[in-house]
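> This is the structure, below, for whatever I ask next.
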Amino acid sequence: MNDFATTYRTAQAGALRASAAGSRVRLAGWIHRRRDLGGLVFIDLRDRGGRVQLAFEPGTTPPDVLARARELGPEWVIGVAGLVRQRPAGNLNPELPTGEVEVVVDALQVFSASDTPPIPVARGGDDELPAEDLRLRYRYLDLRRDELQHGLHVRHRAMQCVRRHLTSEGFWEIDTPMLTRRTPEGARDYLVPSRVHPGEFYALPQSPQLYKQLLMVSGYDRYFQIARCLRDEDLRADRQPEFTQIDAELSFVAEEDVFGVGERTMAALWREILGVELSLPFPRLSYAEALARYGTDKPDLRFGMEFQDLTALLCEADFRLFAATRESGEQIRGITVPGGAALSRRELDELAAIARAAGAAGALWVKRGPDGLSGPFAKALDEGLAGRFCAAAGLADGDLFVAVIGHFRGAAAGDLSRAAVLGGAEVALDALRRHLGTRLGLRRPDAHAWAWVTGFPLFEWEPEAERVVAAHHPFTMPHPDDVARLLELTSGGPPPAGTAAFALYREGLRSRAYDAVYNGNELASGSIRIHDPALQRAVFRALGIPESEAERRFGFLLEAFRFGVPPHGGFAFGFDRLVMLLVGAPSLRDVIAFPKTTAARALFEGAPSTVADDELRELHIRTTSA
RNA sequence: GGGGCUGUAGCUCAGCUGGUUAGAGCGCCGCACUGUCACUGCGGAGGCCGAGGGUUCGAGUCCCUUCAGUCCCGCCA
């Protein structure tokens, strides 16, 4: 056990407890707050371990020390020596772990003074935080606060926990290059100019994807890395330009093997950090099922309120909007909200606005009270239809039903009309489901609803470019039931383009890609990879990538695959997001020591920055603006 | 690339339909105070109202541009 004793101190200030009473200590740290009562001065001394009260009192503290204590300001770094003693009865501070003791100081040394801090470190309970730009500009001060220190402590513990666990499952931690080759697919790369090769650039890795597959080819069997990844894309509260992944890859595995490793790792984390025992295995949910039941590939499974398709029933009603679906082929889907009839009229009106904001034409609601149904379309249901509607929707007294009309994705594969592909009424109903879940307190922070979502589509359609792209990445193994169809569609002939490509997409081919979802957050994704060169060629052909181009882009991986590839697959968990959720922080910035702003600027050190012309010349770079 | 919100004292904020000397709390400085722990009391200093332009007799307030932060859509294989 480390007691933090050094040349400057005998103990950590924040670690003092009643058991230390009676002993002499030397402490060092920052002045958190000073309370000068005239004859008597109290100072809260802070170090990484917490805070302890120092008492400067006449009689014990020498007069010159007491006088100098009056001159000290917040955030000065001092060292003191004195006696730890039990606080007088009635003067304990139950708020502080050190609150039973105090240190009566008899010697004081100032290591360094501090200017008045531009942002406060010691805050009052309900003070607002300073503006984000100031917090980032003075990050070293913000990091002194308990909340951020706690976030980084949990981050450290989580990292060690993951390393310990994966090591126990036979994984080797292997690091991979930061200077790598640009990949045209996917996110924008950060580029690094080469000085020795004029006009050539490295790219910083978006992920160690290709390297970890090469490690499998090399026979390393089980690899992991807590990997830094960099993507030059626009940011969000939960997206930073550089971020950290728990990246792992295994050989000779199928989905279930990968899921087992992933969920045992998460179970270890939740146990270590939250003391919560996750229930294993996580539920598995197909992508199609997730879309049909929740309208999203990352459903919040802490509560029900599943989508119900009542098109056939409701289009019988004497209601123009419903009847119109017989012509348009749109669907009427909705959710039953238990106890939702208690919502105010104002809240009910708000629902349509939420649906519109999410791209739907609106939302319709009906509630069931003691006197039957009421709401916008209640009158359109005659007694018989109303009865069948309540039975079908499971609508009990006090419940609310909210419906959205439109084209819903997630119908059976093969039923993907073009409108359904591009539509997205499910987005609106998902927004309503999440809104109502929050409103009714169903998204409890102490509930831990994990799931693996499987069988993601193999391809996505890019409408602007009129082409098919890999939904996950081009090395993702197609779903076994869809391989035959893929080979059939891509056998011979030129790569499909335009309508031929769209027809291929419309097949709804599935892949062996999967996500881990937690309380409505996507926290990991991965896949079983292709290890069969013929199948890989078929996928490239489907993607419209000629062999020569595939060779140019991914040559080193394809070449490696000619020399014996094991079946393999893996996952990557978003580590920053995990930590953010584990500590309940509102932003990724609170669990990263030195984060960037949403404009990808580093306010503390001032990056990015301009570079002198002669330095640019050395890198063979000429800029066109700024 | 698009949209919303924010920018007034070191910090957090108020400042009405445009009106004379721009306020509060915290912090800071000074004085008093022997059991405080967001100490308390009294006094004081502190403002280019993000920047630039415009409208007006007059702009913190209205308009345009721009910068910064933030949230969202697009984007993020």
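Going through the structure tokens in order, the chains are called A, B, and so on, while each chain numbers its residues from 1 and the ligands are numbered from 1 in the order shown.
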Using only C-alpha atoms (C1' of nucleotides) and a cut-off of 8 Å, which residues of chain B sit close to chain A? Please list them as a VMD selection string.
chain B and resid 10 to 12 28 33 to 39 69 to 71 75 to 77
> Mind dumping the selected residues with N, CA and C atoms (P, O5', C5', C4', C3', O3' and C1' of nucleotides) as a compact mmCIF listing (two decimals), in the first residue's frame?

```txt
# COMPACT_ATOMS: atom_id res chain seq x y z
P G B 10 -13.09 41.59 -15.93
O5' G B 10 -12.76 40.10 -15.44
C5' G B 10 -11.63 39.39 -15.96
C4' G B 10 -11.47 38.12 -15.16
C3' G B 10 -12.73 37.24 -15.10
O3' G B 10 -12.76 36.33 -16.18
C1' G B 10 -11.95 37.64 -12.92
P C B 11 -14.17 35.98 -16.88
O5' C B 11 -14.88 35.07 -15.80
C5' C B 11 -14.42 33.75 -15.54
C4' C B 11 -15.32 33.08 -14.53
C3' C B 11 -16.80 33.10 -14.89
O3' C B 11 -17.14 32.07 -15.79
C1' C B 11 -16.54 33.82 -12.67
P U B 12 -18.38 32.27 -16.78
O5' U B 12 -19.64 32.20 -15.80
C5' U B 12 -19.96 31.01 -15.09
C4' U B 12 -21.18 31.23 -14.25
C3' U B 12 -22.37 31.81 -14.99
O3' U B 12 -23.08 30.81 -15.69
C1' U B 12 -22.04 33.00 -12.96
P C B 28 -11.05 35.53 -2.87
O5' C B 28 -10.57 36.84 -3.64
C5' C B 28 -9.64 36.76 -4.69
C4' C B 28 -9.32 38.15 -5.19
C3' C B 28 -8.90 39.15 -4.11
O3' C B 28 -7.52 39.02 -3.80
C1' C B 28 -10.54 40.13 -5.49
P C B 33 -10.23 42.41 15.87
O5' C B 33 -11.19 41.13 15.82
C5' C B 33 -12.37 41.08 16.62
C4' C B 33 -13.24 39.93 16.18
C3' C B 33 -12.57 38.56 16.20
O3' C B 33 -12.56 37.99 17.50
C1' C B 33 -13.73 38.84 14.16
P U B 34 -11.31 37.05 17.92
O5' U B 34 -11.91 35.58 17.91
C5' U B 34 -12.09 34.88 16.69
C4' U B 34 -12.10 33.40 16.97
C3' U B 34 -13.05 32.98 18.08
O3' U B 34 -13.56 31.70 17.73
C1' U B 34 -10.85 32.31 18.62
P G B 35 -15.10 31.32 18.09
O5' G B 35 -15.33 30.00 17.23
C5' G B 35 -15.31 30.06 15.81
C4' G B 35 -15.43 28.67 15.26
C3' G B 35 -16.43 27.80 16.00
O3' G B 35 -17.02 26.92 15.07
C1' G B 35 -14.32 26.77 15.99
P U B 36 -18.52 27.19 14.54
O5' U B 36 -18.27 27.55 13.02
C5' U B 36 -18.04 28.90 12.64
C4' U B 36 -17.06 28.93 11.51
C3' U B 36 -17.40 28.02 10.34
O3' U B 36 -18.33 28.63 9.47
C1' U B 36 -15.12 27.78 10.89
P C B 37 -19.45 27.73 8.75
O5' C B 37 -18.61 26.75 7.82
C5' C B 37 -17.92 27.26 6.69
C4' C B 37 -17.07 26.17 6.11
C3' C B 37 -17.82 24.93 5.66
O3' C B 37 -18.27 25.15 4.34
C1' C B 37 -15.90 24.31 6.90
P A B 38 -19.49 24.44 3.70
O5' A B 38 -19.50 25.10 2.26
C5' A B 38 -18.27 25.26 1.55
C4' A B 38 -18.14 26.68 1.03
C3' A B 38 -18.20 27.75 2.10
O3' A B 38 -17.30 28.82 1.78
C1' A B 38 -19.89 28.14 0.53
P C B 39 -16.00 29.08 2.76
O5' C B 39 -16.65 29.47 4.18
C5' C B 39 -17.00 30.80 4.44
C4' C B 39 -17.77 30.85 5.73
C3' C B 39 -18.48 32.16 6.00
O3' C B 39 -19.72 32.23 5.29
C1' C B 39 -17.34 31.48 7.95
P G B 69 -14.20 27.33 -30.69
O5' G B 69 -15.30 27.13 -29.56
C5' G B 69 -14.93 27.19 -28.19
C4' G B 69 -16.15 27.21 -27.32
C3' G B 69 -17.15 26.09 -27.56
O3' G B 69 -16.74 24.87 -26.96
C1' G B 69 -18.30 28.14 -27.38
P U B 70 -17.17 23.49 -27.64
O5' U B 70 -18.72 23.44 -27.33
C5' U B 70 -19.20 23.39 -25.98
C4' U B 70 -20.69 23.54 -25.97
C3' U B 70 -21.45 22.51 -26.79
O3' U B 70 -21.65 21.32 -26.04
C1' U B 70 -22.26 24.66 -27.32
P C B 71 -21.72 19.93 -26.80
O5' C B 71 -23.20 19.91 -27.39
C5' C B 71 -24.32 19.78 -26.52
C4' C B 71 -25.59 19.99 -27.29
C3' C B 71 -25.77 19.15 -28.55
O3' C B 71 -26.17 17.83 -28.28
C1' C B 71 -26.38 21.38 -29.01
P C B 75 -25.61 11.27 -44.09
O5' C B 75 -24.10 11.60 -43.73
C5' C B 75 -23.15 11.97 -44.72
C4' C B 75 -21.85 12.38 -44.08
C3' C B 75 -21.14 11.31 -43.27
O3' C B 75 -20.36 10.43 -44.07
C1' C B 75 -21.25 13.29 -41.99
P C B 76 -20.29 8.92 -43.70
O5' C B 76 -19.56 8.94 -42.29
C5' C B 76 -18.15 9.18 -42.20
C4' C B 76 -17.72 9.14 -40.75
C3' C B 76 -17.92 7.82 -40.04
O3' C B 76 -16.87 6.91 -40.33
C1' C B 76 -18.70 9.56 -38.68
P A B 77 -17.17 5.41 -40.09
O5' A B 77 -17.10 4.76 -41.54
C5' A B 77 -18.06 5.10 -42.54
C4' A B 77 -18.14 4.01 -43.53
C3' A B 77 -18.98 2.80 -43.08
O3' A B 77 -19.68 2.26 -44.22
C1' A B 77 -16.81 2.10 -43.67
```
> If you run DSSP on this backbone, which residues of region 340-458 of chain A come out as strand (DSSP E or B), and could you give them as a list in words?
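Listing strand (DSSP E or B) positions across region 340-458 of chain A yields Leu364, Trp365, Val366, Lys367, Arg368, Gly369, Gly372, Leu373, Ser374, Leu400, Phe401, Val402, Ala403, Val404, Ile405, Gly406, Trp450, Ala451, Trp452, Val453, Thr454 and Pro457 of chain A.
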> When you draw a straight line from CA of Met216 (chain A) to CA of Tyr287 (chain A), how long is it in Å?
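We find that CA of Met216 (chain A) and CA of Tyr287 (chain A) lie 27.4 Å from each other.
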> Calculate how many Å separate CA of Glu173 (chain A) from CA of Gly570 (chain A), rounding to one decimal.
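Answer for the CA of Glu173 (chain A) to CA of Gly570 (chain A) separation: 14.1 Å.
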> Got a sec: who's within 12 Å of region 15-24 of chain B, counting only C-alpha atoms (C1' of nucleotides), leaving out chain neighbours fewer than 5 positions off, as a list in words?
U8, A9, G47, C49, U55, U56, C57, G58, A59, G60, U61 and C62 of chain B
> What's the separation between CA of Thr438 (chain A) and CA of Gly520 (chain A), in Å to one decimal place?
11.9 Å
> Run DSSP on the backbone and give me the residues of region 165-262 of chain A it puts in alpha helix (DSSP H), as a list in words.
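Assigned to alpha helix (DSSP H), within region 165-262 of chain A: His165, Leu166, Thr167, Ser168, Gln209, Leu210, Tyr211, Lys212, Gln213, Leu214, Leu215, Met216, Val217, Glu255, Glu256, Asp257, Val258, Phe259, Gly260, Val261 and Gly262 of chain A.
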> Considering only C-alpha atoms (C1' of nucleotides), return as JSON, numbers by chain whatever protein or nucleic-acid residues lie within 6 Å of region 571-586 of chain A, sequence-local ones (same chain, fewer than 6 positions apart) excluded.
{"A": [155, 244, 245, 246, 247, 248, 523, 524, 525, 526]}
> Name the residues in contact with region 393-399 of chain A at a cut-off of 6 Å, using only C-alpha atoms (C1' of nucleotides), excluding same-chain residues fewer than 6 positions from it; report them as a ChimeraX atom specification.
/A:337-341,367-369
> Do you know which residues are at most 12 Å from G2 (chain B) counting only C-alpha atoms (C1' of nucleotides), after dropping those on the same chain fewer than 6 positions away, and could you put them as a ChimeraX atom specification?
/B:72-75
